[in-house]
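**Student:** My structure is stored as run.json, with JSON, C-alpha atoms.
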[["chain", "number", "residue", "atom", "x", "y", "z"],
["A", 1, "MET", "CA", 0.00, 0.00, 0.00],
["A", 2, "SER", "CA", 1.48, 3.30, -1.05],
["A", 3, "ALA", "CA", 1.81, 6.27, 1.26],
["A", 4, "GLU", "CA", -0.95, 8.10, -0.64],
["A", 5, "ALA", "CA", -3.37, 5.23, -0.09],
["A", 6, "ALA", "CA", -2.50, 5.04, 3.62],
["A", 7, "VAL", "CA", -3.08, 8.76, 4.11],
["A", 8, "PHE", "CA", -6.31, 8.60, 2.11],
["A", 9, "TYR", "CA", -7.72, 5.73, 4.15],
["A", 10, "ALA", "CA", -6.71, 7.43, 7.41],
["A", 11, "PHE", "CA", -8.47, 10.68, 6.49],
["A", 12, "ALA", "CA", -11.47, 8.85, 5.05],
["A", 13, "ALA", "CA", -11.81, 6.84, 8.28],
["A", 14, "ILE", "CA", -11.57, 10.01, 10.40],
["A", 15, "THR", "CA", -14.19, 11.72, 8.24],
["A", 16, "VAL", "CA", -16.74, 8.91, 8.11],
["A", 17, "LEU", "CA", -16.35, 7.70, 11.72],
["A", 18, "SER", "CA", -16.64, 11.16, 13.24],
["A", 19, "GLY", "CA", -19.52, 11.87, 10.85],
["A", 20, "GLY", "CA", -21.22, 8.83, 12.37],
["A", 21, "VAL", "CA", -20.60, 10.22, 15.85],
["A", 22, "VAL", "CA", -22.14, 13.55, 14.78],
["A", 23, "VAL", "CA", -25.31, 11.78, 13.73],
["A", 24, "LEU", "CA", -25.57, 9.16, 16.47],
["A", 25, "ALA", "CA", -24.15, 10.79, 19.63],
["A", 26, "ARG", "CA", -26.51, 11.27, 22.54],
["A", 27, "SER", "CA", -25.14, 14.62, 23.59],
["A", 28, "LEU", "CA", -25.17, 17.73, 21.43],
["A", 29, "ILE", "CA", -21.70, 18.71, 22.64],
["A", 30, "TYR", "CA", -20.29, 15.36, 21.51],
["A", 31, "SER", "CA", -21.91, 15.92, 18.11],
["A", 32, "ALA", "CA", -20.36, 19.37, 17.80],
["A", 33, "PHE", "CA", -16.88, 18.15, 18.68],
["A", 34, "ALA", "CA", -17.17, 15.17, 16.32],
["A", 35, "LEU", "CA", -18.11, 17.68, 13.62],
["A", 36, "LEU", "CA", -14.73, 19.32, 14.27],
["A", 37, "PHE", "CA", -12.97, 16.07, 13.38],
["A", 38, "THR", "CA", -15.15, 15.60, 10.30],
["A", 39, "PHE", "CA", -14.13, 19.04, 9.04],
["A", 40, "PHE", "CA", -10.48, 18.22, 9.72],
["A", 41, "GLY", "CA", -10.80, 14.95, 7.83],
["A", 42, "VAL", "CA", -12.39, 16.67, 4.82],
["A", 43, "ALA", "CA", -9.64, 19.30, 4.88],
["A", 44, "GLY", "CA", -7.06, 16.51, 4.82],
["A", 45, "LEU", "CA", -8.79, 14.96, 1.81],
["A", 46, "TYR", "CA", -8.67, 18.39, 0.10],
["A", 47, "VAL", "CA", -4.91, 18.53, 0.67],
["A", 48, "LEU", "CA", -4.61, 15.04, -0.80],
["A", 49, "LEU", "CA", -6.57, 16.26, -3.84],
["A", 50, "GLY", "CA", -4.16, 19.15, -4.33],
["A", 51, "ALA", "CA", -6.56, 21.85, -3.18],
["A", 52, "ASP", "CA", -4.41, 23.65, -0.65],
["A", 53, "PHE", "CA", -6.31, 26.95, -0.69],
["A", 54, "LEU", "CA", -9.60, 25.15, -0.19],
["A", 55, "ALA", "CA", -8.21, 23.14, 2.73],
["A", 56, "ALA", "CA", -7.11, 26.33, 4.49],
["A", 57, "THR", "CA", -10.49, 27.93, 3.75],
["A", 58, "GLN", "CA", -12.26, 24.86, 5.14],
["A", 59, "LEU", "CA", -10.33, 25.08, 8.40],
["A", 60, "LEU", "CA", -10.77, 28.85, 8.75],
["A", 61, "ILE", "CA", -14.45, 29.12, 7.87],
["A", 62, "TYR", "CA", -15.89, 25.80, 8.98],
["A", 63, "VAL", "CA", -13.85, 25.22, 12.14],
["A", 64, "GLY", "CA", -13.29, 28.84, 13.05],
["A", 65, "GLY", "CA", -16.67, 30.20, 12.01],
["A", 66, "ILE", "CA", -19.48, 27.76, 11.43],
["A", 67, "LEU", "CA", -18.60, 25.36, 14.25],
["A", 68, "VAL", "CA", -18.31, 28.19, 16.79],
["A", 69, "LEU", "CA", -21.65, 29.54, 15.54],
["A", 70, "LEU", "CA", -23.24, 26.10, 15.97],
["A", 71, "LEU", "CA", -21.84, 25.86, 19.52],
["A", 72, "PHE", "CA", -23.35, 29.26, 20.29],
["A", 73, "GLY", "CA", -26.63, 27.91, 18.92],
["A", 74, "VAL", "CA", -26.40, 24.90, 21.24],
["A", 75, "MET", "CA", -25.67, 27.09, 24.27],
["A", 76, "LEU", "CA", -28.35, 29.68, 23.54],
["A", 77, "THR", "CA", -31.18, 27.20, 22.98],
["A", 78, "HIS", "CA", -30.85, 25.37, 26.30],
["A", 79, "LYS", "CA", -31.57, 26.36, 29.85],
["A", 80, "LEU", "CA", -28.49, 27.00, 31.92],
["A", 81, "TYR", "CA", -29.13, 24.22, 34.42],
["A", 82, "ASP", "CA", -29.78, 21.71, 31.64],
["A", 83, "LEU", "CA", -26.27, 20.31, 31.74],
["A", 84, "ASP", "CA", -26.53, 17.09, 29.77],
["A", 85, "LEU", "CA", -27.80, 18.72, 26.53],
["A", 86, "ARG", "CA", -29.56, 15.63, 25.30],
["A", 87, "SER", "CA", -30.74, 15.40, 21.73],
["A", 88, "GLU", "CA", -33.45, 12.89, 21.11],
["A", 89, "VAL", "CA", -33.84, 10.73, 18.05],
["A", 90, "THR", "CA", -37.17, 10.23, 16.32],
["A", 91, "GLN", "CA", -38.28, 7.93, 13.50],
["A", 92, "PHE", "CA", -34.94, 6.13, 13.67],
["A", 93, "LEU", "CA", -35.91, 3.06, 11.63],
["A", 94, "PRO", "CA", -37.32, 4.94, 8.59],
["A", 95, "GLY", "CA", -34.29, 7.24, 8.72],
["A", 96, "ILE", "CA", -31.89, 4.28, 8.71],
["A", 97, "ILE", "CA", -33.79, 2.71, 5.80],
["A", 98, "VAL", "CA", -33.76, 5.90, 3.71],
["A", 99, "ALA", "CA", -30.12, 6.76, 4.45],
["A", 100, "GLY", "CA", -28.91, 3.18, 4.01],
["A", 101, "GLY", "CA", -30.83, 2.81, 0.75],
["A", 102, "LEU", "CA", -29.41, 6.09, -0.46],
["A", 103, "PHE", "CA", -25.89, 4.97, 0.38],
["A", 104, "ALA", "CA", -26.44, 1.62, -1.38],
["A", 105, "ILE", "CA", -27.80, 3.29, -4.53],
["A", 106, "LEU", "CA", -25.01, 5.88, -4.63],
["A", 107, "THR", "CA", -22.26, 3.31, -4.09],
["A", 108, "PHE", "CA", -23.78, 1.01, -6.71],
["A", 109, "THR", "CA", -23.91, 3.89, -9.20],
["A", 110, "VAL", "CA", -20.36, 5.04, -8.45],
["A", 111, "LEU", "CA", -18.97, 1.54, -8.87],
["A", 112, "ARG", "CA", -20.95, 0.70, -12.01],
["A", 113, "THR", "CA", -20.28, 3.94, -13.86],
["A", 114, "GLN", "CA", -17.37, 4.11, -16.26],
["A", 115, "TRP", "CA", -15.96, 7.46, -15.17],
["A", 116, "VAL", "CA", -14.38, 9.50, -17.94],
["A", 117, "THR", "CA", -11.30, 11.01, -16.35],
["A", 118, "GLY", "CA", -9.30, 13.67, -18.10],
["A", 119, "PRO", "CA", -5.64, 14.50, -17.80],
["A", 120, "GLY", "CA", -6.26, 15.69, -14.24],
["A", 121, "ARG", "CA", -4.34, 18.40, -12.56],
["A", 122, "PRO", "CA", -1.11, 17.54, -10.82],
["A", 123, "PRO", "CA", -0.89, 18.95, -7.28],
["A", 124, "SER", "CA", 0.40, 22.48, -7.41],
["A", 125, "VAL", "CA", -0.07, 25.75, -5.54],
["A", 126, "THR", "CA", -3.56, 26.92, -6.42],
["A", 127, "THR", "CA", -4.02, 30.14, -4.44],
["A", 128, "ALA", "CA", -2.69, 32.54, -7.07],
["A", 129, "ASP", "CA", -4.69, 30.89, -9.86],
["A", 130, "ILE", "CA", -7.91, 30.94, -7.81],
["A", 131, "GLY", "CA", -7.42, 34.60, -6.97],
["A", 132, "ARG", "CA", -6.80, 35.46, -10.60],
["A", 133, "LEU", "CA", -9.92, 33.57, -11.73],
["A", 134, "PHE", "CA", -12.05, 35.32, -9.09],
["A", 135, "MET", "CA", -10.86, 38.71, -10.29],
["A", 136, "SER", "CA", -11.28, 38.02, -14.00],
["A", 137, "GLN", "CA", -13.54, 35.27, -15.29],
["A", 138, "TYR", "CA", -15.68, 34.78, -12.16],
["A", 139, "LEU", "CA", -15.96, 38.41, -11.06],
["A", 140, "LEU", "CA", -19.78, 38.53, -11.25],
["A", 141, "PRO", "CA", -20.42, 35.43, -9.07],
["A", 142, "PHE", "CA", -17.77, 36.71, -6.67],
["A", 143, "GLU", "CA", -19.54, 40.05, -6.23],
["A", 144, "ALA", "CA", -22.93, 38.34, -6.04],
["A", 145, "ALA", "CA", -21.62, 36.10, -3.25],
["A", 146, "SER", "CA", -20.37, 39.12, -1.32],
["A", 147, "ILE", "CA", -23.77, 40.82, -1.60],
["A", 148, "LEU", "CA", -25.49, 37.57, -0.59],
["A", 149, "LEU", "CA", -23.32, 37.36, 2.54],
["A", 150, "LEU", "CA", -24.08, 40.96, 3.47],
["A", 151, "VAL", "CA", -27.83, 40.52, 2.97],
["A", 152, "ALA", "CA", -27.91, 37.19, 4.84],
["A", 153, "LEU", "CA", -26.02, 38.54, 7.85],
["A", 154, "MET", "CA", -28.18, 41.67, 8.02],
["A", 155, "GLY", "CA", -31.26, 39.50, 7.73],
["A", 156, "ALA", "CA", -30.05, 37.24, 10.52],
["A", 157, "ALA", "CA", -29.48, 40.24, 12.77],
["A", 158, "MET", "CA", -32.96, 41.56, 11.92],
["A", 159, "ILE", "CA", -34.62, 38.22, 12.69],
["A", 160, "VAL", "CA", -33.13, 37.76, 16.15],
["A", 161, "ARG", "CA", -33.58, 41.37, 17.21],
["A", 162, "ARG", "CA", -36.13, 41.84, 19.97],
["A", 163, "SER", "CA", -38.72, 44.27, 18.70],
["A", 164, "LYS", "CA", -39.41, 47.14, 21.06],
["A", 165, "THR", "CA", -43.15, 47.24, 20.39],
["A", 166, "ALA", "CA", -43.87, 43.64, 21.33],
["B", 1, "MET", "CA", -3.67, 3.91, -6.47],
["B", 2, "ILE", "CA", -6.42, 6.17, -5.17],
["B", 3, "THR", "CA", -8.80, 7.09, -7.97],
["B", 4, "LEU", "CA", -12.00, 9.05, -8.39],
["B", 5, "PRO", "CA", -14.46, 6.36, -7.11],
["B", 6, "HIS", "CA", -12.64, 6.20, -3.76],
["B", 7, "TYR", "CA", -13.44, 9.84, -3.11],
["B", 8, "LEU", "CA", -16.96, 9.48, -4.46],
["B", 9, "ILE", "CA", -17.69, 6.62, -2.04],
["B", 10, "VAL", "CA", -16.37, 8.58, 0.95],
["B", 11, "SER", "CA", -18.53, 11.47, -0.19],
["B", 12, "SER", "CA", -21.65, 9.34, -0.56],
["B", 13, "ALA", "CA", -21.07, 7.89, 2.92],
["B", 14, "LEU", "CA", -20.85, 11.43, 4.30],
["B", 15, "PHE", "CA", -24.00, 12.40, 2.38],
["B", 16, "SER", "CA", -25.96, 9.44, 3.74],
["B", 17, "LEU", "CA", -24.82, 10.19, 7.30],
["B", 18, "GLY", "CA", -25.92, 13.80, 6.91],
["B", 19, "MET", "CA", -29.26, 12.65, 5.52],
["B", 20, "LEU", "CA", -29.68, 10.32, 8.52],
["B", 21, "GLY", "CA", -28.99, 13.24, 10.85],
["B", 22, "ILE", "CA", -31.50, 15.47, 9.08],
["B", 23, "LEU", "CA", -34.18, 12.78, 9.16],
["B", 24, "THR", "CA", -33.79, 11.44, 12.70],
["B", 25, "ARG", "CA", -32.75, 14.32, 14.95],
["B", 26, "ARG", "CA", -35.28, 16.38, 16.85],
["B", 27, "ASN", "CA", -32.95, 19.18, 17.87],
["B", 28, "ALA", "CA", -32.75, 21.94, 15.24],
["B", 29, "VAL", "CA", -29.05, 22.63, 15.78],
["B", 30, "ASN", "CA", -28.31, 18.95, 15.30],
["B", 31, "VAL", "CA", -30.27, 18.96, 12.04],
["B", 32, "LEU", "CA", -28.08, 21.88, 10.94],
["B", 33, "MET", "CA", -25.01, 19.74, 11.63],
["B", 34, "GLY", "CA", -26.49, 17.15, 9.27],
["B", 35, "VAL", "CA", -26.91, 19.82, 6.60],
["B", 36, "GLU", "CA", -23.25, 20.74, 7.05],
["B", 37, "LEU", "CA", -22.26, 17.11, 6.45],
["B", 38, "VAL", "CA", -24.29, 17.06, 3.22],
["B", 39, "LEU", "CA", -22.67, 20.29, 2.00],
["B", 40, "ASN", "CA", -19.21, 18.95, 2.82],
["B", 41, "SER", "CA", -19.88, 15.78, 0.86],
["B", 42, "ALA", "CA", -20.95, 17.84, -2.17],
["B", 43, "ASN", "CA", -17.78, 19.90, -1.87],
["B", 44, "LEU", "CA", -15.66, 16.78, -1.71],
["B", 45, "ASN", "CA", -17.25, 15.61, -4.95],
["B", 46, "LEU", "CA", -16.58, 18.94, -6.67],
["B", 47, "VAL", "CA", -12.92, 18.99, -5.65],
["B", 48, "ALA", "CA", -12.45, 15.34, -6.64],
["B", 49, "PHE", "CA", -13.91, 15.99, -10.10],
["B", 50, "SER", "CA", -11.66, 19.05, -10.39],
["B", 51, "ARG", "CA", -8.62, 16.91, -9.59],
["B", 52, "PHE", "CA", -9.38, 13.95, -11.83],
["B", 53, "GLY", "CA", -11.38, 15.68, -14.57],
["B", 54, "SER", "CA", -10.25, 17.99, -17.31],
["B", 55, "GLY", "CA", -7.64, 19.64, -15.11],
["B", 56, "ASN", "CA", -9.03, 23.11, -14.56],
["B", 57, "LEU", "CA", -9.89, 24.85, -11.31],
["B", 58, "GLN", "CA", -13.64, 25.26, -11.80],
["B", 59, "GLY", "CA", -14.58, 22.60, -9.25],
["B", 60, "GLN", "CA", -12.52, 24.26, -6.55],
["B", 61, "LEU", "CA", -14.02, 27.66, -7.35],
["B", 62, "PHE", "CA", -17.49, 26.20, -7.09],
["B", 63, "ALA", "CA", -16.56, 24.68, -3.72],
["B", 64, "VAL", "CA", -15.54, 28.12, -2.45],
["B", 65, "PHE", "CA", -19.00, 29.42, -3.37],
["B", 66, "VAL", "CA", -20.61, 26.47, -1.58],
["B", 67, "ILE", "CA", -18.66, 27.37, 1.58],
["B", 68, "VAL", "CA", -19.89, 30.98, 1.31],
["B", 69, "ILE", "CA", -23.50, 29.82, 0.95],
["B", 70, "ALA", "CA", -23.04, 27.46, 3.91],
["B", 71, "ALA", "CA", -21.84, 30.32, 6.10],
["B", 72, "ALA", "CA", -24.84, 32.47, 5.16],
["B", 73, "GLU", "CA", -27.20, 29.53, 5.63],
["B", 74, "VAL", "CA", -25.95, 28.75, 9.13],
["B", 75, "ALA", "CA", -26.26, 32.39, 10.19],
["B", 76, "VAL", "CA", -29.87, 32.71, 9.02],
["B", 77, "ALA", "CA", -30.86, 29.26, 10.27],
["B", 78, "LEU", "CA", -29.46, 29.92, 13.75],
["B", 79, "ALA", "CA", -31.35, 33.21, 13.84],
["B", 80, "ILE", "CA", -34.56, 31.31, 13.06],
["B", 81, "VAL", "CA", -33.77, 28.66, 15.70],
["B", 82, "LEU", "CA", -33.15, 31.35, 18.32],
["B", 83, "THR", "CA", -36.44, 33.04, 17.46],
["B", 84, "LEU", "CA", -38.22, 29.70, 17.70],
["B", 85, "TYR", "CA", -36.62, 29.09, 21.09],
["B", 86, "ARG", "CA", -37.76, 32.49, 22.31],
["B", 87, "LEU", "CA", -41.29, 31.82, 21.09],
["B", 88, "ARG", "CA", -41.82, 28.21, 22.19],
["B", 89, "ARG", "CA", -39.04, 27.57, 24.76],
["B", 90, "THR", "CA", -37.90, 24.51, 22.82],
["B", 91, "PRO", "CA", -35.18, 23.75, 20.26],
["B", 92, "ASN", "CA", -37.08, 20.72, 18.96],
["B", 93, "LEU", "CA", -38.39, 20.89, 15.44],
["B", 94, "ASP", "CA", -41.47, 18.71, 15.90],
["B", 95, "GLU", "CA", -42.81, 21.07, 18.56],
["B", 96, "ALA", "CA", -42.73, 23.98, 16.12],
["B", 97, "ASP", "CA", -46.30, 23.35, 14.95],
["B", 98, "ILE", "CA", -47.70, 26.86, 15.29],
["B", 99, "LEU", "CA", -48.98, 26.84, 11.71],
["B", 100, "ARG", "CA", -50.92, 23.59, 12.15],
["B", 101, "GLY", "CA", -54.59, 24.26, 11.59]]
Once you've parsed the file, please lay out its structure as structure tokens.
**Tutor:**
Amino acid sequence: MSAEAAVFYAFAAITVLSGGVVVLARSLIYSAFALLFTFFGVAGLYVLLGADFLAATQLLIYVGGILVLLLFGVMLTHKLYDLDLRSEVTQFLPGIIVAGGLFAILTFTVLRTQWVTGPGRPPSVTTADIGRLFMSQYLLPFEAASILLLVALMGAAMIVRRSKTA
Amino acid sequence: MITLPHYLIVSSALFSLGMLGILTRRNAVNVLMGVELVLNSANLNLVAFSRFGSGNLQGQLFAVFVIVIAAAEVAVALAIVLTLYRLRRTPNLDEADILRG
């Protein structure tokens, strides 16, 4: 087994196992911390795929931003003396059937399809190229994304604001 | 040799786990974690196709946009969850049945 395969299987195992903990853990805090390891595993897979900029972005935004935001969400939606932070599971059997069937269908399709692979891109430093593409060919989606972020964050602040009249 | 289907299978496992979380969890924040798993699996697919496909960077660029949308989505969704908690004193989704006739 080559070094690449060993690293791939290690990161894939981290990703999938901690993803399972996210979904199946009894406590919300356990779920949140398992999500941390899932994000790390996906970032490792990005590095293996030669996407260094994306791996750094994944760590900064997902771990540094979204995960902290989710933890705030956990803390703010529970009473202070409610220490165990349980999260109940409903309709477990139908969920298992749907998710397992989905996984079976997807795996079957992936294995049966004859994937047309191109020349591929050898791992190289991508940051400069991505920046250049954002500023030239993909300028409009870039600006649209920035406006979307602004509008979404203002909307979020408006939604949670306590209205003075009520 | 690690090829494209390896990554696609990891991604479909992550997608199915996220789907299981969305379907079976009662807590809204936990459902959001499931949505994050689904978005991550889609991103993994995009980056894998970018690596093994025609050799351009479009997949990675698309993944950056997905991350941006995910950040906006989490912010708005948490605002809604907080408002729900203020209104009904519960973070559970199946108790949010105010609109039921």
**Student:** Would you give the centre and edge lengths, in Å to one decimal, of a box along x, y and z around the listed atoms of region 135-150 of chain A, with 3 Å added to each side, as JSON?
**Tutor:**
{"center_x": -18.2, "center_y": 37.9, "center_z": -5.9, "size_x": 20.6, "size_y": 12.2, "size_z": 24.8}
**Student:** Between B:Leu84, B:Leu99, B:Leu39, B:Val47, which is the closest to Phe15 (chain B) once you count all atoms listed in the file?
**Tutor:**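 The shortest atom-to-atom distance to Phe15 (chain B) comes from B:Leu39.
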**Student:** Report, in Å with one decimal, the straight-line distance from CA of Gln58 (chain B) to CA of Leu36 (chain A).
**Tutor:**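 For CA of Gln58 (chain B) relative to CA of Leu36 (chain A), the distance reads 26.8 Å.
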**Student:** Between CA of Ala13 (chain B) and CA of Leu111 (chain A), what is the distance in Å, rounded to a tenth?
**Tutor:** 13.6 Å
**Student:** Per residue of region 16-91 of chain B within 12 Å of region 124-144 of chain A, what are the shortest atom pair and its distance in Å to one decimal, counting all atoms listed in the file, with rows by chain and residue number, as CSV?
**Tutor:**
residue,atom,partner,partner_atom,distance
B:Ser50,CA,A:Thr126,CA,12.0
B:Arg51,CA,A:Ser124,CA,10.8
B:Gly55,CA,A:Ser124,CA,11.5
B:Asn56,CA,A:Asp129,CA,10.1
B:Leu57,CA,A:Ile130,CA,7.3
B:Gln58,CA,A:Ile130,CA,9.0
B:Gly59,CA,A:Ile130,CA,10.8
B:Gln60,CA,A:Ile130,CA,8.2
B:Leu61,CA,A:Ile130,CA,6.9
B:Phe62,CA,A:Pro141,CA,9.9
B:Ala63,CA,A:Ile130,CA,11.4
B:Val64,CA,A:Ile130,CA,9.7
B:Phe65,CA,A:Phe142,CA,8.1
B:Val66,CA,A:Pro141,CA,11.7
B:Val68,CA,A:Phe142,CA,10.1
B:Ile69,CA,A:Ala144,CA,11.0
**Student:** How about saving the chosen residues, C-alpha atoms kept, as a compact mmCIF listing (two decimals), in the frame of the given file?
**Tutor:**
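Result file is part29.txt:
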# COMPACT_ATOMS: atom_id res chain seq x y z
CA SER B 50 -11.66 19.05 -10.39
CA ARG B 51 -8.62 16.91 -9.59
CA GLY B 55 -7.64 19.64 -15.11
CA ASN B 56 -9.03 23.11 -14.56
CA LEU B 57 -9.89 24.85 -11.31
CA GLN B 58 -13.64 25.26 -11.80
CA GLY B 59 -14.58 22.60 -9.25
CA GLN B 60 -12.52 24.26 -6.55
CA LEU B 61 -14.02 27.66 -7.35
CA PHE B 62 -17.49 26.20 -7.09
CA ALA B 63 -16.56 24.68 -3.72
CA VAL B 64 -15.54 28.12 -2.45
CA PHE B 65 -19.00 29.42 -3.37
CA VAL B 66 -20.61 26.47 -1.58
CA VAL B 68 -19.89 30.98 1.31
CA ILE B 69 -23.50 29.82 0.95
**Student:** Interatomic distance between CA of Val29 (chain B) and CA of Ile14 (chain A)?
**Tutor:** 22.2 Å
**Student:** Once you count only C-alpha atoms, which residues end up no further than 7 Å from (-15.3, 6.1, -10.8) in the file's frame, shown as JSON, numbers by chain?
**Tutor:** {"A": [110, 111, 113, 114, 115], "B": [4, 5]}
**Student:** Write out as a list in words which residues come within 9 Å of Ala79 (chain B) when counting only C-alpha atoms, dropping same-chain ones fewer than 5 positions away.
**Tutor:**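 These residues fall inside the cut-off: Gly73, Gly155, Ala156, Ala157, Met158, Ile159 and Val160 of chain A; Val74 and Leu84 of chain B.
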**Student:** Emit the selected residues as a PDB file, in the frame of the given file, including C-alpha atoms.
**Tutor:**
ATOM      1  CA  GLY A  73     -26.630  27.910  18.920  1.00  0.00           C
ATOM      2  CA  GLY A 155     -31.260  39.500   7.730  1.00  0.00           C
ATOM      3  CA  ALA A 156     -30.050  37.240  10.520  1.00  0.00           C
ATOM      4  CA  ALA A 157     -29.480  40.240  12.770  1.00  0.00           C
ATOM      5  CA  MET A 158     -32.960  41.560  11.920  1.00  0.00           C
ATOM      6  CA  ILE A 159     -34.620  38.220  12.690  1.00  0.00           C
ATOM      7  CA  VAL A 160     -33.130  37.760  16.150  1.00  0.00           C
TER       8      VAL A 160
ATOM      9  CA  VAL B  74     -25.950  28.750   9.130  1.00  0.00           C
ATOM     10  CA  LEU B  84     -38.220  29.700  17.700  1.00  0.00           C
TER      11      LEU B  84
END
**Student:** Under the rule that all atoms listed in the file are counted, which of A:Arg112, A:Val23, A:Ala51, A:Leu28 is the nearest residue to Phe72 (chain A)?
**Tutor:**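 Counting all atoms listed in the file, the residue closest to Phe72 (chain A) is A:Leu28.
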**Student:** Need to verify the contact set: region 95-98 of chain A, 7 Å, all atoms listed in the file, exclusion of same-chain residues closer than 6 positions in sequence. Can you return it as a ChimeraX atom specification?
**Tutor:** /B:20,23-24
**Student:** Go through A:Gly64, A:Gly19, A:Gly50, A:Gly118 and flag the residue nearest Asn40 (chain B), using all atoms listed in the file for the distances.
**Tutor:**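 Among the listed residues, A:Gly19 lies closest to Asn40 (chain B).
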**Student:** Pick the closest to Ala72 (chain B) from A:Val21, A:Ala5, A:Met154, A:Leu149: which is it, counting only C-alpha atoms?
**Tutor:**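 Closest to Ala72 (chain B), using only C-alpha atoms: A:Leu149.
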**Student:** For Leu60 (chain A), which residue among B:Val10, B:Ala71, B:Leu82, B:Leu17 is the nearest when counting all atoms listed in the file?
**Tutor:**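 The answer is B:Ala71, which sits nearest to Leu60 (chain A).
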**Student:** Restricting the calculation to all atoms listed in the file: of A:Ala55, A:Ala34, A:Leu106, A:Ile147, which residue gets closest to chain B?
**Tutor:** A:Leu106
**Student:** Could you list as a PyMOL selection string every residue that has an atom within 12 Å of (-26.2, 13.8, 12.3), using the file's coordinates and counting only C-alpha atoms?
**Tutor:** (chain A and resi 16-28+30-32+34-35+38+87-89+92+95-96+99) or (chain B and resi 14-38)
